[in-house]
file my_file_5.cif (mmCIF, C-alpha atoms)
data_start
#
loop_
_atom_site.label_atom_id
_atom_site.label_comp_id
_atom_site.auth_asym_id
_atom_site.auth_seq_id
_atom_site.Cartn_x
_atom_site.Cartn_y
_atom_site.Cartn_z
CA MET A 29 -52.71 178.84 253.06
CA GLN A 30 -53.15 176.13 255.64
CA GLU A 31 -55.93 174.52 253.62
CA ILE A 32 -53.72 174.37 250.55
CA LEU A 33 -51.03 172.66 252.64
CA PHE A 34 -53.63 170.26 254.04
CA PHE A 35 -55.00 169.23 250.66
CA VAL A 36 -51.61 168.89 248.99
CA THR A 37 -50.30 166.77 251.86
CA ALA A 38 -53.50 164.73 252.01
CA THR A 39 -53.25 163.98 248.30
CA LEU A 40 -49.63 162.95 248.70
CA CYS A 41 -50.58 160.79 251.68
CA ILE A 42 -53.43 158.96 249.93
CA VAL A 43 -51.58 158.52 246.64
CA SER A 44 -48.53 157.08 248.39
CA ALA A 45 -50.77 154.80 250.48
CA LEU A 46 -52.42 153.50 247.30
CA GLY A 47 -48.97 153.13 245.78
CA VAL A 48 -47.87 150.88 248.64
CA ILE A 49 -50.69 148.48 247.81
CA PHE A 50 -50.61 148.52 244.02
CA ASN A 51 -46.88 148.49 243.46
CA LYS A 52 -45.43 145.17 242.38
CA ASN A 53 -41.92 145.96 243.57
CA VAL A 54 -41.58 145.58 247.34
CA VAL A 55 -38.74 148.09 247.55
CA HIS A 56 -40.89 150.72 245.84
CA SER A 57 -43.68 149.93 248.29
CA ALA A 58 -41.33 150.50 251.22
CA LEU A 59 -40.17 153.83 249.79
CA LEU A 60 -43.76 154.94 249.19
CA LEU A 61 -44.50 153.97 252.78
CA LEU A 62 -41.69 156.35 253.77
CA ILE A 63 -43.42 159.18 251.86
CA ASN A 64 -46.68 158.28 253.60
CA PHE A 65 -45.08 158.47 257.06
CA CYS A 66 -43.35 161.78 256.28
CA SER A 67 -46.57 163.37 255.02
CA LEU A 68 -48.32 162.21 258.20
CA SER A 69 -45.64 163.97 260.24
CA VAL A 70 -46.54 167.17 258.36
CA PHE A 71 -50.10 166.71 259.64
CA TYR A 72 -48.77 166.26 263.16
CA LEU A 73 -46.91 169.56 262.83
CA MET A 74 -50.09 171.26 261.61
CA LEU A 75 -51.93 169.79 264.61
CA ASN A 76 -49.48 171.36 267.05
CA ALA A 77 -47.83 168.05 267.96
CA GLN A 78 -44.20 168.86 267.19
CA PHE A 79 -42.77 166.26 269.54
CA LEU A 80 -44.72 163.43 267.93
CA ALA A 81 -43.86 164.69 264.44
CA ILE A 82 -40.18 164.25 265.25
CA VAL A 83 -40.85 160.88 266.89
CA GLN A 84 -42.80 159.84 263.81
CA ILE A 85 -39.82 160.63 261.58
CA LEU A 86 -37.36 158.94 263.96
CA VAL A 87 -39.33 155.78 264.72
CA TYR A 88 -41.30 155.12 261.55
CA ALA A 89 -39.11 156.61 258.84
CA GLY A 90 -35.84 155.96 260.62
CA ALA A 91 -36.40 152.54 262.12
CA ILE A 92 -39.41 150.74 260.72
CA VAL A 93 -38.93 151.48 257.01
CA VAL A 94 -35.24 150.65 257.31
CA LEU A 95 -36.22 147.37 259.00
CA PHE A 96 -38.59 146.60 256.12
CA LEU A 97 -35.84 147.35 253.61
CA PHE A 98 -33.42 145.12 255.50
CA VAL A 99 -35.87 142.23 255.43
CA VAL A 100 -36.54 142.77 251.73
CA MET A 101 -32.79 142.66 251.24
CA LEU A 102 -32.56 139.40 253.21
CA LEU A 103 -35.50 137.66 251.56
CA GLY A 104 -35.19 139.08 248.06
CA ALA A 105 -37.61 141.46 246.39
CA ASP A 106 -38.88 139.00 243.80
CA LEU A 107 -40.67 136.71 246.25
CA GLY A 108 -44.38 136.93 246.76
CA GLU A 109 -47.24 137.01 244.29
CA ASP A 110 -46.69 136.58 240.59
CA VAL A 111 -49.93 137.88 239.12
CA SER A 112 -50.24 139.93 235.98
CA THR A 113 -53.00 142.29 237.10
CA TRP A 114 -54.89 143.34 240.20
CA LEU A 115 -58.05 144.18 238.27
CA THR A 116 -60.03 141.02 238.95
CA GLY A 117 -63.62 140.58 239.99
CA TRP A 118 -62.63 139.39 243.46
CA ASN A 119 -60.48 142.48 244.02
CA ALA A 120 -63.28 144.73 242.81
CA PHE A 121 -65.55 143.03 245.33
CA LEU A 122 -62.98 143.62 248.06
CA ALA A 123 -62.61 147.26 247.05
CA ALA A 124 -66.38 147.67 247.23
CA LEU A 125 -66.30 146.14 250.71
CA ALA A 126 -63.53 148.56 251.68
CA ILE A 127 -65.54 151.54 250.42
CA ILE A 128 -68.59 150.36 252.37
CA MET A 129 -66.40 150.09 255.44
CA LEU A 130 -65.03 153.59 254.80
CA THR A 131 -68.51 155.07 254.66
CA LEU A 132 -69.51 153.18 257.79
CA VAL A 133 -66.45 154.41 259.64
CA GLY A 134 -66.95 157.97 258.42
CA THR A 135 -70.64 158.03 259.32
CA SER A 136 -70.07 156.58 262.75
CA VAL A 137 -67.35 159.12 263.39
CA PHE A 138 -69.59 161.98 262.38
CA GLU A 139 -72.53 160.62 264.34
CA SER A 140 -70.62 160.00 267.53
CA MET A 141 -68.70 163.27 267.60
CA THR A 142 -69.58 165.11 270.76
CA GLN A 143 -68.09 168.24 272.19
CA GLY A 144 -66.07 167.11 275.18
CA GLN A 145 -64.62 169.22 277.90
CA SER A 146 -61.55 171.15 276.89
CA GLY A 147 -58.30 170.24 278.61
CA ASN A 148 -55.36 172.40 279.54
CA PHE A 149 -53.25 171.50 276.52
CA THR A 150 -53.83 174.81 274.76
CA PRO A 151 -51.44 176.31 272.20
CA ASP A 152 -50.62 179.11 274.63
CA ASP A 153 -49.49 176.67 277.30
CA VAL A 154 -47.56 174.68 274.74
CA ALA A 155 -45.84 177.86 273.63
CA LYS A 156 -45.10 178.80 277.24
CA TYR A 157 -43.87 175.49 278.64
CA GLY A 158 -42.83 173.61 275.51
CA GLN A 159 -44.32 170.57 273.88
CA ALA A 160 -41.84 168.00 275.15
CA GLN A 161 -42.08 169.25 278.73
CA MET A 162 -45.87 169.01 278.83
CA ILE A 163 -45.87 165.56 277.23
CA GLY A 164 -43.15 164.44 279.61
CA ILE A 165 -45.01 165.67 282.69
CA THR A 166 -48.17 163.86 281.61
CA LEU A 167 -46.23 160.74 280.67
CA PHE A 168 -44.34 160.43 283.94
CA THR A 169 -47.15 161.34 286.31
CA ASP A 170 -50.53 160.15 285.04
CA TYR A 171 -49.27 157.43 282.73
CA ILE A 172 -46.26 156.04 284.59
CA LEU A 173 -47.76 152.54 284.58
CA ALA A 174 -48.11 152.67 280.80
CA VAL A 175 -44.46 153.70 280.51
CA GLN A 176 -43.38 150.72 282.58
CA LEU A 177 -45.60 148.38 280.58
CA ALA A 178 -44.06 149.77 277.39
CA ALA A 179 -40.60 149.06 278.80
CA ILE A 180 -41.58 145.46 279.57
CA LEU A 181 -43.11 145.13 276.10
CA LEU A 182 -39.91 146.35 274.47
CA LEU A 183 -37.86 143.91 276.56
CA VAL A 184 -40.13 141.02 275.57
CA GLY A 185 -39.88 142.14 271.95
CA ILE A 186 -36.08 142.19 272.04
CA VAL A 187 -35.84 138.76 273.66
CA GLY A 188 -38.44 137.30 271.30
CA VAL A 189 -36.77 138.64 268.20
CA ILE A 190 -33.36 137.36 269.30
CA TRP A 191 -34.89 133.94 270.00
CA LEU A 192 -36.67 133.88 266.66
CA ALA A 193 -33.70 135.06 264.64
CA ARG A 194 -31.22 132.59 266.10
CA SER A 195 -29.33 130.53 263.55
CA ASP A 196 -30.20 127.10 264.97
CA SER A 197 -31.58 126.35 268.39
CA ARG A 198 -29.79 123.02 268.66
CA ASP A 199 -26.44 124.64 267.94
CA LEU A 200 -27.10 127.29 270.55
CA ILE A 201 -28.04 124.72 273.20
CA LEU A 202 -24.96 122.63 272.40
CA ALA A 203 -22.76 125.72 272.55
CA GLY A 204 -24.25 126.64 275.90
CA LYS A 205 -23.66 123.14 277.28
CA ALA A 206 -20.06 123.16 276.02
CA LEU A 207 -19.53 126.54 277.64
CA SER A 208 -20.95 125.40 280.99
CA ASN A 209 -18.83 122.21 280.87
CA LYS A 210 -15.75 124.28 280.20
CA THR A 211 -16.41 126.57 283.15
CA LYS A 212 -16.92 123.57 285.42
CA MET B 1148 -55.33 178.50 263.37
CA ILE B 1149 -57.61 175.98 265.00
CA ASP B 1150 -60.66 177.09 263.06
CA GLN B 1151 -59.17 176.93 259.61
CA ILE B 1152 -59.31 173.18 259.05
CA PRO B 1153 -62.30 171.37 260.54
CA LEU B 1154 -61.76 168.29 262.65
CA SER B 1155 -63.90 166.24 260.28
CA TYR B 1156 -61.32 166.66 257.48
CA TYR B 1157 -58.72 164.94 259.59
CA LEU B 1158 -61.15 162.22 260.63
CA LEU B 1159 -62.18 161.59 257.03
CA LEU B 1160 -58.55 161.47 255.91
CA SER B 1161 -57.70 159.00 258.62
CA ALA B 1162 -60.74 156.86 257.71
CA ILE B 1163 -59.56 156.82 254.09
CA LEU B 1164 -56.06 155.82 255.14
CA PHE B 1165 -57.41 153.10 257.42
CA THR B 1166 -59.55 151.73 254.61
CA ILE B 1167 -56.64 151.71 252.19
CA GLY B 1168 -54.63 149.79 254.77
CA ALA B 1169 -57.43 147.30 255.42
CA GLY B 1170 -57.99 146.84 251.70
CA GLY B 1171 -54.30 146.18 251.27
CA VAL B 1172 -54.38 143.49 253.96
CA LEU B 1173 -57.31 141.87 252.14
CA ILE B 1174 -55.96 142.15 248.59
CA ARG B 1175 -52.23 141.54 248.88
CA ARG B 1176 -50.74 138.13 249.61
CA ASN B 1177 -47.15 139.23 250.18
CA ALA B 1178 -46.54 139.13 253.93
CA ILE B 1179 -44.16 142.12 253.88
CA ILE B 1180 -46.80 144.28 252.18
CA ILE B 1181 -49.40 143.08 254.67
CA LEU B 1182 -47.18 144.24 257.55
CA MET B 1183 -46.76 147.60 255.81
CA CYS B 1184 -50.53 147.92 255.51
CA VAL B 1185 -50.95 147.17 259.22
CA GLU B 1186 -48.49 149.99 259.92
CA MET B 1187 -50.57 152.26 257.70
CA MET B 1188 -53.72 151.42 259.65
CA MET B 1189 -51.94 152.20 262.93
CA ASN B 1190 -50.83 155.53 261.49
CA ALA B 1191 -54.40 156.36 260.56
CA VAL B 1192 -55.44 155.73 264.16
CA ASN B 1193 -52.54 157.91 265.33
CA LEU B 1194 -53.77 160.75 263.15
CA THR B 1195 -57.23 160.48 264.71
CA PHE B 1196 -55.76 160.56 268.22
CA ILE B 1197 -53.65 163.62 267.48
CA ALA B 1198 -56.51 165.45 265.78
CA PHE B 1199 -58.75 164.87 268.79
CA SER B 1200 -55.92 165.81 271.15
CA ARG B 1201 -55.61 169.11 269.28
CA TYR B 1202 -59.29 169.90 269.15
CA LEU B 1203 -60.11 168.80 272.71
CA GLN B 1204 -56.88 170.43 273.95
CA SER B 1205 -55.77 167.45 275.95
CA ALA B 1206 -52.35 165.83 276.08
CA ASP B 1207 -53.76 162.34 276.68
CA GLY B 1208 -54.22 161.59 272.99
CA GLN B 1209 -50.54 162.20 272.33
CA ILE B 1210 -49.60 159.77 275.10
CA PHE B 1211 -51.76 157.14 273.42
CA VAL B 1212 -49.98 157.81 270.12
CA PHE B 1213 -46.65 157.38 271.87
CA MET B 1214 -47.74 153.98 273.21
CA ILE B 1215 -49.07 152.95 269.79
CA MET B 1216 -45.69 153.78 268.31
CA VAL B 1217 -43.97 151.54 270.87
CA VAL B 1218 -46.36 148.69 270.07
CA ALA B 1219 -45.92 149.26 266.33
CA ALA B 1220 -42.14 149.11 266.58
CA VAL B 1221 -42.23 145.87 268.60
CA GLU B 1222 -44.88 144.38 266.32
CA VAL B 1223 -42.88 145.09 263.18
CA ALA B 1224 -39.69 143.70 264.70
CA VAL B 1225 -41.37 140.46 265.81
CA GLY B 1226 -43.37 140.15 262.59
CA LEU B 1227 -40.36 140.53 260.36
CA ALA B 1228 -38.35 138.09 262.49
CA LEU B 1229 -41.19 135.57 262.09
CA LEU B 1230 -41.13 136.23 258.36
CA VAL B 1231 -37.40 135.57 258.11
CA GLU B 1232 -37.86 132.38 260.12
CA LEU B 1233 -40.75 131.25 257.88
CA ASN B 1234 -38.66 131.98 254.85
CA ARG B 1235 -35.98 129.63 256.14
CA HIS B 1236 -38.44 126.74 256.24
CA ARG B 1237 -40.10 127.51 252.93
CA GLU B 1238 -38.74 129.74 250.20
CA ALA B 1239 -41.72 132.09 250.12
CA VAL B 1240 -43.31 135.10 251.72
CA ASN B 1241 -46.69 134.46 250.09
CA ILE B 1242 -49.03 133.77 252.98
CA ASP B 1243 -51.20 131.43 250.91
CA GLU B 1244 -48.35 128.93 250.97
CA PHE B 1245 -48.35 128.78 254.76
CA ASN B 1246 -51.62 126.93 254.99
CA SER B 1247 -50.56 124.12 257.26
CA LEU B 1248 -49.94 124.11 260.98
CA LYS B 1249 -47.53 121.19 260.74
CA GLY B 1250 -43.96 122.10 261.53
#
call {"tool": "encode", "arguments": {"input": "my_file_5.cif", "output": "structure tokens"}}
result
Amino acid sequence: MQEILFFVTATLCIVSALGVIFNKNVVHSALLLLINFCSLSVFYLMLNAQFLAIVQILVYAGAIVVLFLFVVMLLGADLGEDVSTWLTGWNAFLAALAIIMLTLVGTSVFESMTQGQSGNFTPDDVAKYGQAQMIGITLFTDYILAVQLAAILLLVGIVGVIWLARSDSRDLILAGKALSNKTK
Amino acid sequence: MIDQIPLSYYLLLSAILFTIGAGGVLIRRNAIIILMCVEMMMNAVNLTFIAFSRYLQSADGQIFVFMIMVVAAVEVAVGLALLVELNRHREAVNIDEFNSLKG
């Protein structure tokens, strides 16, 4: 039962990932990316990571794909490459390179897999205390520095995006000067 | 439940997804698609982290995934803002047209 679910979801995941690349329409690519993210959240549920499955849906499907669609709406979907086919010799060469890289990655993963020491994050404990509680305890005790760094990163991101997306820097500076003159 | 699907299936799936993402970055020239492919690669790494977190029974992998999600959200916001700004200077999102460092 679980294997059937795994293979169906894996097929959906890979097909939608290929669709993102080979689709000519950017909007279709964004929607296929949404399918890809949702199928990955199914894997997270199967891997006993319910909290991250919900976060995956909220952050990736809810925020990032919508952001992509907004930018496609702003820029127009017809921009970009205008080629008739992807089946060229250069692309075949790149695909061969990608397959070589896949085998390298797969082999190195299999070679380097060692049995580490088991932690205390067992399904029984998760069932007893709850997923979000255990994640939260780990996050706010062992990884509190990472949380604060993430907060700073988000702040920098917000400020950077606002600065990048301003209409015109000269207008903003002039408006600021006019405002400060008025308050004086 | 833990024994039904081997860990290597998840690792292989995430390697395939990562390769598809990397191939997309190499093949496509549309900057929006390239950002999408970078997101796909990050998701493949997330899947590896969660699979190891499940099979080693440690919560640390899920914390890493949480941080990767934060970085991915910031990266996509900044990247798309850069894209909009580039599009104001030149009517294109094809990265081959941005081949000059002059302003």
call {"tool": "closest_residue", "arguments": {"input": "my_file_5.cif", "among": "A:Leu177, A:Leu40, A:Ala120, A:Val55", "to": "Val70 of chain A", "atoms": "only C-alpha atoms"}}
result
A:Leu40
call {"tool": "atom_distance", "arguments": {"input": "my_file_5.cif", "atom1": "atom CA of Phe96 of chain A", "atom2": "atom CA of Cys41 of chain A"}}
result
19.1 Å
call {"tool": "closest_residue", "arguments": {"input": "my_file_5.cif", "among": "A:Val187, A:Ala38, A:Cys66, A:Val175", "to": "Val87 of chain A", "atoms": "all atoms listed in the file"}}
result
A:Cys66
call {"tool": "resolve_selection", "arguments": {"input": "my_file_5.cif", "expression": "the PyMOL selection byres ((chain B and resi 1166-1182) around 7)", "output": "mmCIF file with C-alpha atoms, in the coordinates of the input"}}
result
data_model
loop_
_atom_site.group_PDB
_atom_site.id
_atom_site.type_symbol
_atom_site.label_atom_id
_atom_site.label_comp_id
_atom_site.auth_asym_id
_atom_site.auth_seq_id
_atom_site.Cartn_x
_atom_site.Cartn_y
_atom_site.Cartn_z
ATOM 1 C CA ALA A 45 -50.770 154.800 250.480
ATOM 2 C CA LEU A 46 -52.420 153.500 247.300
ATOM 3 C CA ILE A 49 -50.690 148.480 247.810
ATOM 4 C CA GLY A 108 -44.380 136.930 246.760
ATOM 5 C CA GLU A 109 -47.240 137.010 244.290
ATOM 6 C CA ASN A 119 -60.480 142.480 244.020
ATOM 7 C CA LEU A 122 -62.980 143.620 248.060
ATOM 8 C CA ALA A 123 -62.610 147.260 247.050
ATOM 9 C CA ALA A 126 -63.530 148.560 251.680
ATOM 10 C CA LEU A 130 -65.030 153.590 254.800
ATOM 11 C CA ALA B 1162 -60.740 156.860 257.710
ATOM 12 C CA ILE B 1163 -59.560 156.820 254.090
ATOM 13 C CA LEU B 1164 -56.060 155.820 255.140
ATOM 14 C CA PHE B 1165 -57.410 153.100 257.420
ATOM 15 C CA MET B 1183 -46.760 147.600 255.810
ATOM 16 C CA CYS B 1184 -50.530 147.920 255.510
ATOM 17 C CA VAL B 1185 -50.950 147.170 259.220
ATOM 18 C CA GLU B 1186 -48.490 149.990 259.920
ATOM 19 C CA MET B 1187 -50.570 152.260 257.700
ATOM 20 C CA MET B 1188 -53.720 151.420 259.650
ATOM 21 C CA VAL B 1240 -43.310 135.100 251.720
ATOM 22 C CA ASN B 1241 -46.690 134.460 250.090
ATOM 23 C CA ILE B 1242 -49.030 133.770 252.980
ATOM 24 C CA ASP B 1243 -51.200 131.430 250.910
#
call {"tool": "axis_aligned_box", "arguments": {"input": "my_file_5.cif", "around": "segment 55-62 of chain A", "padding_each_side": "5 Å", "output": "JSON"}}
result
{"center_x": -41.6, "center_y": 152.2, "center_z": 249.8, "size_x": 15.8, "size_y": 18.3, "size_z": 17.9}
call {"tool": "atom_distance", "arguments": {"input": "my_file_5.cif", "atom1": "atom CA of Phe34 of chain A", "atom2": "atom CA of Ile1197 of chain B"}}
result
15.0 Å
call {"tool": "resolve_selection", "arguments": {"input": "my_file_5.cif", "expression": "the PyMOL selection byres ((chain A and resi 188) around 12)", "output": "PDB file with C-alpha atoms, in the frame of the given file"}}
result
ATOM      1  CA  LEU A 181     -43.110 145.130 276.100  1.00  0.00           C
ATOM      2  CA  LEU A 182     -39.910 146.350 274.470  1.00  0.00           C
ATOM      3  CA  LEU A 183     -37.860 143.910 276.560  1.00  0.00           C
ATOM      4  CA  VAL A 184     -40.130 141.020 275.570  1.00  0.00           C
ATOM      5  CA  GLY A 185     -39.880 142.140 271.950  1.00  0.00           C
ATOM      6  CA  ILE A 186     -36.080 142.190 272.040  1.00  0.00           C
ATOM      7  CA  VAL A 187     -35.840 138.760 273.660  1.00  0.00           C
ATOM      8  CA  VAL A 189     -36.770 138.640 268.200  1.00  0.00           C
ATOM      9  CA  ILE A 190     -33.360 137.360 269.300  1.00  0.00           C
ATOM     10  CA  TRP A 191     -34.890 133.940 270.000  1.00  0.00           C
ATOM     11  CA  LEU A 192     -36.670 133.880 266.660  1.00  0.00           C
ATOM     12  CA  ALA A 193     -33.700 135.060 264.640  1.00  0.00           C
ATOM     13  CA  ARG A 194     -31.220 132.590 266.100  1.00  0.00           C
TER      14      ARG A 194
ATOM     15  CA  VAL B1221     -42.230 145.870 268.600  1.00  0.00           C
ATOM     16  CA  GLU B1222     -44.880 144.380 266.320  1.00  0.00           C
ATOM     17  CA  ALA B1224     -39.690 143.700 264.700  1.00  0.00           C
ATOM     18  CA  VAL B1225     -41.370 140.460 265.810  1.00  0.00           C
ATOM     19  CA  GLY B1226     -43.370 140.150 262.590  1.00  0.00           C
ATOM     20  CA  LEU B1227     -40.360 140.530 260.360  1.00  0.00           C
ATOM     21  CA  ALA B1228     -38.350 138.090 262.490  1.00  0.00           C
ATOM     22  CA  LEU B1229     -41.190 135.570 262.090  1.00  0.00           C
TER      23      LEU B1229
END
